[in-house]
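Undergrad: Provided herewith is a single structure, encoded as structure tokens, for subsequent inquiry.
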Amino acid sequence: MKIANKKVIMISGANRGIGRAITEKLQQENYRLSLGIRNPEHIPDSISAQVDSELLCHKYDARDSSSAKSWIEATINRFGCIDGLINNAGILHTTGLEDDEEDLLDDMWEVNAKAPLRLTRLAFPHLRKSGAGRIVDIISMSGKRVKGNWVGYSMSKYAALAASHTARLQGWEDGIRVTNICTGFVQSDMTITNAPAFPQQEMTRPVDVAQVVSSILLLPNESPVPEVMMNCVFEIV
Ligand SMILES: NC(=O)c1ccc[n+]([C@@H]2O[C@H](COP(=O)([O-])OP(=O)(O)OC[C@H]3O[C@@H](n4cnc5c(N)ncnc54)[C@H](OP(=O)(O)O)[C@@H]3O)[C@@H](O)[C@H]2O)c1
């Protein structure tokens, strides 16, 4: 396939964890990738080895609205179009109901809720032009149900889910299909730090999340998957 026909997918937080696994999976497939990374010099060698014409690494900090704009602009300048956006970058502060830590609530609101919405808004006109634009929002089971005491994280992910559903509705007529992926624990730095009591090997693997993302991107407009729940433990939701 000619390079110009390859779809252009943007991935936030591509340097480690789930975002890295998605990036490595899509690199093996037929895409040009635009990676939004807080410190582009932190991109793993395995990813940056891809030929230059098919890969853009751009600075993206979810706390900085101007970097979202410049990442979108750089993507258009390099590739001329955007066909997909993977909203993956996120943070977890374990602040609980009775903790007086409003700065941490604000931080999660900024990074987990406002930032993906901003990218979606900026990407939307380009996804419309695609006629088969795709958005995959990496949410969390914490955006679907409350189980513990991570109140701020849950609030931010419920909000992100609301934005995701709104995008699904608003993009439908123009061929934009939006999927939210709600996972339980996934093996990553996030869970090593914040859920040390749960064995990593019993958690969902990032490569399996990446497999799902890959499959979703291949589905035509007539067969969208609005929501995926992946959970390493049994739960009735
Ligand atoms: N792990 C789980 O159990 C789990 C479950 C459900 C949902 N999720 C969600 O999955 C997504 C990825 O999580 P993960 O497990 O892969 O976590 P991770 O290993 O901690 O990786 C987080 C990624 O987000 C990036 N990021 C954080 N803050 C950022 C900012 N201000 N601007 C730009 N990028 C930023 C990080 O970049 P740096 O390297 O620069 O920090 C990193 O690439 C998150 O949205 C998370 O909420 C994770």
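Just remember, in the structure tokens the first chain shown is A, the second B, etc., residues are 1-based per chain, and ligands are 1-based in the order shown.
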Determine, for each residue of chain A having at least one atom at most 6 Å from an atom of ligand 1, the closest pair of atoms and their separation in Å to one decimal, counting only C-alpha atoms and all ligand atoms; order by chain and ascending number, as CSV.
TA:
```
residue,atom,partner,partner_atom_place_in_ligand_line,distance
A:Gly13,CA,ligand 1,43 (O),3.4
A:Ala14,CA,ligand 1,43 (O),5.2
A:Asn15,CA,ligand 1,43 (O),4.8
A:Arg16,CA,ligand 1,43 (O),4.7
A:Gly17,CA,ligand 1,16 (O),3.4
A:Ile18,CA,ligand 1,16 (O),3.8
A:Gly19,CA,ligand 1,16 (O),5.7
A:Ile37,CA,ligand 1,33 (C),5.7
A:Arg38,CA,ligand 1,40 (O),4.5
A:Asn39,CA,ligand 1,40 (O),5.8
A:Tyr60,CA,ligand 1,33 (C),5.5
A:Asp61,CA,ligand 1,32 (N),3.5
A:Ala62,CA,ligand 1,32 (N),3.7
A:Arg63,CA,ligand 1,31 (N),5.1
A:Asn88,CA,ligand 1,45 (O),4.7
A:Ala89,CA,ligand 1,24 (O),3.5
A:Gly90,CA,ligand 1,45 (O),3.4
A:Ile91,CA,ligand 1,27 (C),5.3
A:Val111,CA,ligand 1,31 (N),5.7
A:Ile138,CA,ligand 1,10 (O),5.4
A:Ile139,CA,ligand 1,7 (C),5.3
A:Ser140,CA,ligand 1,6 (C),3.8
A:Thr183,CA,ligand 1,6 (C),4.6
A:Gly184,CA,ligand 1,5 (C),5.0
A:Phe185,CA,ligand 1,3 (O),3.4
A:Val186,CA,ligand 1,3 (O),3.7
A:Gln187,CA,ligand 1,1 (N),5.8
A:Ser188,CA,ligand 1,19 (O),4.6
A:Asp189,CA,ligand 1,19 (O),4.3
A:Met190,CA,ligand 1,20 (O),4.1
A:Thr191,CA,ligand 1,1 (N),5.3
```
Undergrad: Could you tell me, as a PDB file with N, CA and C atoms, in the first residue's frame, which residues of segment 13-147 of chain A DSSP assigns to helix (DSSP H, G or I) when given the backbone?
TA:
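Written file, out_13.pdb:
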```
ATOM      1  N   GLY A  17       3.625   1.903  29.220  1.00  0.00           N
ATOM      2  CA  GLY A  17       2.342   1.329  29.634  1.00  0.00           C
ATOM      3  C   GLY A  17       1.456   0.948  28.458  1.00  0.00           C
ATOM      4  N   ILE A  18       0.172   1.205  28.618  1.00  0.00           N
ATOM      5  CA  ILE A  18      -0.817   0.806  27.612  1.00  0.00           C
ATOM      6  C   ILE A  18      -0.561   1.531  26.292  1.00  0.00           C
ATOM      7  N   GLY A  19      -0.212   2.820  26.380  1.00  0.00           N
ATOM      8  CA  GLY A  19       0.027   3.602  25.159  1.00  0.00           C
ATOM      9  C   GLY A  19       1.180   3.050  24.348  1.00  0.00           C
ATOM     10  N   ARG A  20       2.204   2.619  25.024  1.00  0.00           N
ATOM     11  CA  ARG A  20       3.354   2.026  24.322  1.00  0.00           C
ATOM     12  C   ARG A  20       2.948   0.727  23.619  1.00  0.00           C
ATOM     13  N   ALA A  21       2.161  -0.104  24.334  1.00  0.00           N
ATOM     14  CA  ALA A  21       1.721  -1.373  23.727  1.00  0.00           C
ATOM     15  C   ALA A  21       0.856  -1.108  22.491  1.00  0.00           C
ATOM     16  N   ILE A  22      -0.017  -0.106  22.572  1.00  0.00           N
ATOM     17  CA  ILE A  22      -0.865   0.224  21.412  1.00  0.00           C
ATOM     18  C   ILE A  22       0.027   0.700  20.262  1.00  0.00           C
ATOM     19  N   THR A  23       0.995   1.536  20.585  1.00  0.00           N
ATOM     20  CA  THR A  23       1.889   2.058  19.553  1.00  0.00           C
ATOM     21  C   THR A  23       2.647   0.924  18.870  1.00  0.00           C
ATOM     22  N   GLU A  24       3.205   0.021  19.669  1.00  0.00           N
ATOM     23  CA  GLU A  24       3.990  -1.077  19.087  1.00  0.00           C
ATOM     24  C   GLU A  24       3.113  -1.985  18.225  1.00  0.00           C
ATOM     25  N   LYS A  25       1.869  -2.187  18.663  1.00  0.00           N
ATOM     26  CA  LYS A  25       0.952  -3.025  17.874  1.00  0.00           C
ATOM     27  C   LYS A  25       0.626  -2.342  16.545  1.00  0.00           C
ATOM     28  N   LEU A  26       0.288  -1.054  16.605  1.00  0.00           N
ATOM     29  CA  LEU A  26      -0.115  -0.364  15.373  1.00  0.00           C
ATOM     30  C   LEU A  26       1.072  -0.150  14.440  1.00  0.00           C
ATOM     31  N   GLN A  27       2.279  -0.101  15.004  1.00  0.00           N
ATOM     32  CA  GLN A  27       3.476   0.011  14.151  1.00  0.00           C
ATOM     33  C   GLN A  27       3.636  -1.205  13.256  1.00  0.00           C
ATOM     34  N   PRO A  40       9.501  13.890  24.467  1.00  0.00           N
ATOM     35  CA  PRO A  40       9.735  13.059  23.274  1.00  0.00           C
ATOM     36  C   PRO A  40      11.065  12.317  23.308  1.00  0.00           C
ATOM     37  N   GLU A  41      12.023  12.810  24.089  1.00  0.00           N
ATOM     38  CA  GLU A  41      13.299  12.088  24.172  1.00  0.00           C
ATOM     39  C   GLU A  41      13.149  10.765  24.938  1.00  0.00           C
ATOM     40  N   HIS A  42      11.998  10.575  25.615  1.00  0.00           N
ATOM     41  CA  HIS A  42      11.769   9.329  26.351  1.00  0.00           C
ATOM     42  C   HIS A  42      11.162   8.231  25.476  1.00  0.00           C
ATOM     43  N   ASP A  45      13.545   3.107  22.040  1.00  0.00           N
ATOM     44  CA  ASP A  45      14.237   2.862  20.770  1.00  0.00           C
ATOM     45  C   ASP A  45      13.408   1.965  19.856  1.00  0.00           C
ATOM     46  N   SER A  46      12.707   0.988  20.467  1.00  0.00           N
ATOM     47  CA  SER A  46      11.924   0.047  19.656  1.00  0.00           C
ATOM     48  C   SER A  46      10.872   0.780  18.830  1.00  0.00           C
ATOM     49  N   ILE A  47      10.414   1.910  19.326  1.00  0.00           N
ATOM     50  CA  ILE A  47       9.389   2.675  18.603  1.00  0.00           C
ATOM     51  C   ILE A  47      10.047   3.641  17.619  1.00  0.00           C
ATOM     52  N   SER A  48      11.089   4.345  18.057  1.00  0.00           N
ATOM     53  CA  SER A  48      11.669   5.388  17.197  1.00  0.00           C
ATOM     54  C   SER A  48      12.423   4.798  16.002  1.00  0.00           C
ATOM     55  N   ASP A  52      11.111   7.232   9.286  1.00  0.00           N
ATOM     56  CA  ASP A  52      10.726   8.586   9.628  1.00  0.00           C
ATOM     57  C   ASP A  52       9.422   9.052   8.986  1.00  0.00           C
ATOM     58  N   SER A  53       9.207   8.641   7.755  1.00  0.00           N
ATOM     59  CA  SER A  53       8.046   9.161   7.032  1.00  0.00           C
ATOM     60  C   SER A  53       6.728   8.657   7.615  1.00  0.00           C
ATOM     61  N   GLU A  54       6.778   7.632   8.454  1.00  0.00           N
ATOM     62  CA  GLU A  54       5.545   7.059   8.984  1.00  0.00           C
ATOM     63  C   GLU A  54       5.350   7.346  10.458  1.00  0.00           C
ATOM     64  N   SER A  65      -2.721  23.338  27.276  1.00  0.00           N
ATOM     65  CA  SER A  65      -3.643  23.311  26.127  1.00  0.00           C
ATOM     66  C   SER A  65      -2.940  23.684  24.824  1.00  0.00           C
ATOM     67  N   SER A  66      -1.901  24.533  24.901  1.00  0.00           N
ATOM     68  CA  SER A  66      -1.228  24.932  23.659  1.00  0.00           C
ATOM     69  C   SER A  66      -0.487  23.755  23.029  1.00  0.00           C
ATOM     70  N   SER A  67      -0.055  22.796  23.852  1.00  0.00           N
ATOM     71  CA  SER A  67       0.665  21.656  23.268  1.00  0.00           C
ATOM     72  C   SER A  67      -0.288  20.729  22.520  1.00  0.00           C
ATOM     73  N   ALA A  68      -1.558  20.691  22.946  1.00  0.00           N
ATOM     74  CA  ALA A  68      -2.545  19.890  22.197  1.00  0.00           C
ATOM     75  C   ALA A  68      -2.704  20.482  20.801  1.00  0.00           C
ATOM     76  N   LYS A  69      -2.817  21.812  20.767  1.00  0.00           N
ATOM     77  CA  LYS A  69      -3.011  22.495  19.484  1.00  0.00           C
ATOM     78  C   LYS A  69      -1.790  22.279  18.575  1.00  0.00           C
ATOM     79  N   SER A  70      -0.610  22.440  19.160  1.00  0.00           N
ATOM     80  CA  SER A  70       0.584  22.325  18.312  1.00  0.00           C
ATOM     81  C   SER A  70       0.798  20.880  17.854  1.00  0.00           C
ATOM     82  N   TRP A  71       0.386  19.912  18.682  1.00  0.00           N
ATOM     83  CA  TRP A  71       0.506  18.497  18.249  1.00  0.00           C
ATOM     84  C   TRP A  71      -0.436  18.210  17.069  1.00  0.00           C
ATOM     85  N   ILE A  72      -1.669  18.687  17.167  1.00  0.00           N
ATOM     86  CA  ILE A  72      -2.615  18.500  16.060  1.00  0.00           C
ATOM     87  C   ILE A  72      -2.058  19.168  14.796  1.00  0.00           C
ATOM     88  N   GLU A  73      -1.576  20.408  14.935  1.00  0.00           N
ATOM     89  CA  GLU A  73      -1.054  21.146  13.771  1.00  0.00           C
ATOM     90  C   GLU A  73       0.144  20.422  13.159  1.00  0.00           C
ATOM     91  N   ALA A  74       1.026  19.927  14.031  1.00  0.00           N
ATOM     92  CA  ALA A  74       2.213  19.222  13.526  1.00  0.00           C
ATOM     93  C   ALA A  74       1.804  17.950  12.779  1.00  0.00           C
ATOM     94  N   THR A  75       0.753  17.300  13.266  1.00  0.00           N
ATOM     95  CA  THR A  75       0.274  16.072  12.608  1.00  0.00           C
ATOM     96  C   THR A  75      -0.251  16.396  11.208  1.00  0.00           C
ATOM     97  N   ILE A  76      -1.026  17.468  11.116  1.00  0.00           N
ATOM     98  CA  ILE A  76      -1.564  17.872   9.806  1.00  0.00           C
ATOM     99  C   ILE A  76      -0.420  18.308   8.883  1.00  0.00           C
ATOM    100  N   ASN A  77       0.520  19.058   9.439  1.00  0.00           N
ATOM    101  CA  ASN A  77       1.650  19.500   8.608  1.00  0.00           C
ATOM    102  C   ASN A  77       2.434  18.324   8.060  1.00  0.00           C
ATOM    103  N   ARG A  78       2.604  17.291   8.884  1.00  0.00           N
ATOM    104  CA  ARG A  78       3.411  16.148   8.445  1.00  0.00           C
ATOM    105  C   ARG A  78       2.636  15.227   7.501  1.00  0.00           C
ATOM    106  N   PHE A  79       1.376  14.898   7.890  1.00  0.00           N
ATOM    107  CA  PHE A  79       0.666  13.845   7.159  1.00  0.00           C
ATOM    108  C   PHE A  79      -0.508  14.350   6.312  1.00  0.00           C
ATOM    109  N   GLU A 102      -7.616  19.015  47.159  1.00  0.00           N
ATOM    110  CA  GLU A 102      -8.314  19.512  45.965  1.00  0.00           C
ATOM    111  C   GLU A 102      -7.360  19.756  44.798  1.00  0.00           C
ATOM    112  N   ASP A 103      -6.087  20.016  45.111  1.00  0.00           N
ATOM    113  CA  ASP A 103      -5.132  20.204  44.012  1.00  0.00           C
ATOM    114  C   ASP A 103      -4.991  18.912  43.198  1.00  0.00           C
ATOM    115  N   LEU A 104      -5.077  17.756  43.884  1.00  0.00           N
ATOM    116  CA  LEU A 104      -4.979  16.484  43.166  1.00  0.00           C
ATOM    117  C   LEU A 104      -6.249  16.202  42.362  1.00  0.00           C
ATOM    118  N   LEU A 105      -7.398  16.626  42.921  1.00  0.00           N
ATOM    119  CA  LEU A 105      -8.640  16.494  42.148  1.00  0.00           C
ATOM    120  C   LEU A 105      -8.556  17.327  40.875  1.00  0.00           C
ATOM    121  N   ASP A 106      -8.062  18.567  41.026  1.00  0.00           N
ATOM    122  CA  ASP A 106      -7.926  19.456  39.865  1.00  0.00           C
ATOM    123  C   ASP A 106      -6.990  18.848  38.821  1.00  0.00           C
ATOM    124  N   ASP A 107      -5.902  18.239  39.315  1.00  0.00           N
ATOM    125  CA  ASP A 107      -4.913  17.671  38.394  1.00  0.00           C
ATOM    126  C   ASP A 107      -5.538  16.543  37.566  1.00  0.00           C
ATOM    127  N   MET A 108      -6.302  15.669  38.224  1.00  0.00           N
ATOM    128  CA  MET A 108      -6.929  14.561  37.480  1.00  0.00           C
ATOM    129  C   MET A 108      -8.027  15.069  36.555  1.00  0.00           C
ATOM    130  N   TRP A 109      -8.731  16.103  36.973  1.00  0.00           N
ATOM    131  CA  TRP A 109      -9.740  16.713  36.099  1.00  0.00           C
ATOM    132  C   TRP A 109      -9.067  17.237  34.831  1.00  0.00           C
ATOM    133  N   GLU A 110      -7.902  17.881  35.035  1.00  0.00           N
ATOM    134  CA  GLU A 110      -7.160  18.468  33.915  1.00  0.00           C
ATOM    135  C   GLU A 110      -6.671  17.386  32.947  1.00  0.00           C
ATOM    136  N   VAL A 111      -5.994  16.379  33.510  1.00  0.00           N
ATOM    137  CA  VAL A 111      -5.308  15.387  32.652  1.00  0.00           C
ATOM    138  C   VAL A 111      -6.280  14.314  32.127  1.00  0.00           C
ATOM    139  N   ASN A 112      -7.171  13.826  32.986  1.00  0.00           N
ATOM    140  CA  ASN A 112      -8.008  12.674  32.598  1.00  0.00           C
ATOM    141  C   ASN A 112      -9.320  13.071  31.927  1.00  0.00           C
ATOM    142  N   ALA A 113      -9.825  14.253  32.251  1.00  0.00           N
ATOM    143  CA  ALA A 113     -11.145  14.632  31.711  1.00  0.00           C
ATOM    144  C   ALA A 113     -11.042  15.730  30.666  1.00  0.00           C
ATOM    145  N   LYS A 114     -10.428  16.865  31.037  1.00  0.00           N
ATOM    146  CA  LYS A 114     -10.405  17.989  30.090  1.00  0.00           C
ATOM    147  C   LYS A 114      -9.485  17.727  28.890  1.00  0.00           C
ATOM    148  N   ALA A 115      -8.325  17.140  29.150  1.00  0.00           N
ATOM    149  CA  ALA A 115      -7.341  16.997  28.064  1.00  0.00           C
ATOM    150  C   ALA A 115      -7.828  16.101  26.916  1.00  0.00           C
ATOM    151  N   PRO A 116      -8.414  14.910  27.208  1.00  0.00           N
ATOM    152  CA  PRO A 116      -8.910  14.117  26.075  1.00  0.00           C
ATOM    153  C   PRO A 116     -10.043  14.810  25.326  1.00  0.00           C
ATOM    154  N   LEU A 117     -10.895  15.528  26.065  1.00  0.00           N
ATOM    155  CA  LEU A 117     -11.962  16.272  25.388  1.00  0.00           C
ATOM    156  C   LEU A 117     -11.365  17.327  24.454  1.00  0.00           C
ATOM    157  N   ARG A 118     -10.318  17.995  24.929  1.00  0.00           N
ATOM    158  CA  ARG A 118      -9.654  19.026  24.097  1.00  0.00           C
ATOM    159  C   ARG A 118      -9.104  18.409  22.803  1.00  0.00           C
ATOM    160  N   LEU A 119      -8.435  17.275  22.946  1.00  0.00           N
ATOM    161  CA  LEU A 119      -7.882  16.619  21.746  1.00  0.00           C
ATOM    162  C   LEU A 119      -9.000  16.187  20.802  1.00  0.00           C
ATOM    163  N   THR A 120     -10.065  15.653  21.385  1.00  0.00           N
ATOM    164  CA  THR A 120     -11.213  15.241  20.567  1.00  0.00           C
ATOM    165  C   THR A 120     -11.759  16.447  19.810  1.00  0.00           C
ATOM    166  N   ARG A 121     -11.935  17.553  20.512  1.00  0.00           N
ATOM    167  CA  ARG A 121     -12.481  18.765  19.875  1.00  0.00           C
ATOM    168  C   ARG A 121     -11.583  19.234  18.729  1.00  0.00           C
ATOM    169  N   LEU A 122     -10.281  19.241  18.966  1.00  0.00           N
ATOM    170  CA  LEU A 122      -9.350  19.733  17.946  1.00  0.00           C
ATOM    171  C   LEU A 122      -9.222  18.767  16.768  1.00  0.00           C
ATOM    172  N   ALA A 123      -9.357  17.482  17.069  1.00  0.00           N
ATOM    173  CA  ALA A 123      -9.227  16.478  15.993  1.00  0.00           C
ATOM    174  C   ALA A 123     -10.514  16.342  15.181  1.00  0.00           C
ATOM    175  N   PHE A 124     -11.640  16.713  15.758  1.00  0.00           N
ATOM    176  CA  PHE A 124     -12.952  16.443  15.151  1.00  0.00           C
ATOM    177  C   PHE A 124     -13.082  16.914  13.697  1.00  0.00           C
ATOM    178  N   PRO A 125     -12.702  18.167  13.378  1.00  0.00           N
ATOM    179  CA  PRO A 125     -12.857  18.599  11.977  1.00  0.00           C
ATOM    180  C   PRO A 125     -12.066  17.722  11.010  1.00  0.00           C
ATOM    181  N   HIS A 126     -10.915  17.241  11.436  1.00  0.00           N
ATOM    182  CA  HIS A 126     -10.079  16.393  10.570  1.00  0.00           C
ATOM    183  C   HIS A 126     -10.669  14.980  10.480  1.00  0.00           C
ATOM    184  N   LEU A 127     -11.203  14.484  11.580  1.00  0.00           N
ATOM    185  CA  LEU A 127     -11.825  13.155  11.569  1.00  0.00           C
ATOM    186  C   LEU A 127     -13.069  13.169  10.678  1.00  0.00           C
ATOM    187  N   ARG A 128     -13.793  14.278  10.698  1.00  0.00           N
ATOM    188  CA  ARG A 128     -14.970  14.432   9.808  1.00  0.00           C
ATOM    189  C   ARG A 128     -14.554  14.271   8.353  1.00  0.00           C
ATOM    190  N   LYS A 129     -13.446  14.947   8.008  1.00  0.00           N
ATOM    191  CA  LYS A 129     -12.977  14.892   6.609  1.00  0.00           C
ATOM    192  C   LYS A 129     -12.628  13.467   6.213  1.00  0.00           C
ATOM    193  N   SER A 130     -12.164  12.679   7.153  1.00  0.00           N
ATOM    194  CA  SER A 130     -11.774  11.294   6.874  1.00  0.00           C
ATOM    195  C   SER A 130     -12.964  10.477   6.364  1.00  0.00           C
ATOM    196  N   MET A 141     -12.591   0.900  34.353  1.00  0.00           N
ATOM    197  CA  MET A 141     -13.770   0.447  35.092  1.00  0.00           C
ATOM    198  C   MET A 141     -14.129   1.468  36.170  1.00  0.00           C
ATOM    199  N   SER A 142     -13.137   2.263  36.587  1.00  0.00           N
ATOM    200  CA  SER A 142     -13.414   3.325  37.571  1.00  0.00           C
ATOM    201  C   SER A 142     -14.300   4.427  36.987  1.00  0.00           C
ATOM    202  N   GLY A 143     -14.520   4.391  35.686  1.00  0.00           N
ATOM    203  CA  GLY A 143     -15.451   5.330  35.060  1.00  0.00           C
ATOM    204  C   GLY A 143     -16.841   4.736  34.885  1.00  0.00           C
TER     205      GLY A 143
END
```
Undergrad: Just want the 10 Å neighbourhood of Arg145 of chain A, counted on only C-alpha atoms, with same-chain residues fewer than 5 positions away dropped. Output as a list in words.
TA: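 Neighbouring residues, sequence-local ones excluded: Ser140, Ser154, Tyr158, Ile236 and Val237 of chain A.
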Undergrad: Using DSSP secondary structure from the backbone, list all strand (DSSP E or B) positions within segment 19-234 of chain A, as a ChimeraX atom specification.
TA: /A:31-37,55-59,84-87,134-138,177-183,186,204,227-230
Undergrad: Distance atom CA of Thr179 of chain A-atom CA of Val228 of chain A, one decimal place?
TA: 7.4 Å
Undergrad: Nearest to Val151 of chain A: which of A:Ala210, A:Ala167, A:Leu92, A:Ile176 is it, counting only C-alpha atoms?
TA: A:Leu92
Undergrad: Nearest to His58 of chain A: which of A:Thr94, A:Ser12, A:Gln201, A:Asn30 is it, counting only C-alpha atoms?
TA: A:Ser12
Undergrad: So which residues touch Arg134 of chain A within 12 Å, counting only C-alpha atoms, skipping near sequence neighbours fewer than 5 positions away, as an NGL selection string?
TA: :A and (7-11 or 82-87 or 120 or 123-124 or 126-129 or 164 or 167-168 or 171-172 or 174-180 or 213-221 or 224-226)
Undergrad: Just checking: using only C-alpha atoms, which residue out of A:Leu56, A:Val209, A:Leu161, A:Ile43 ends up closest to Tyr31 of chain A?
TA: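 Counting only C-alpha atoms, the residue closest to Tyr31 of chain A is A:Leu56.
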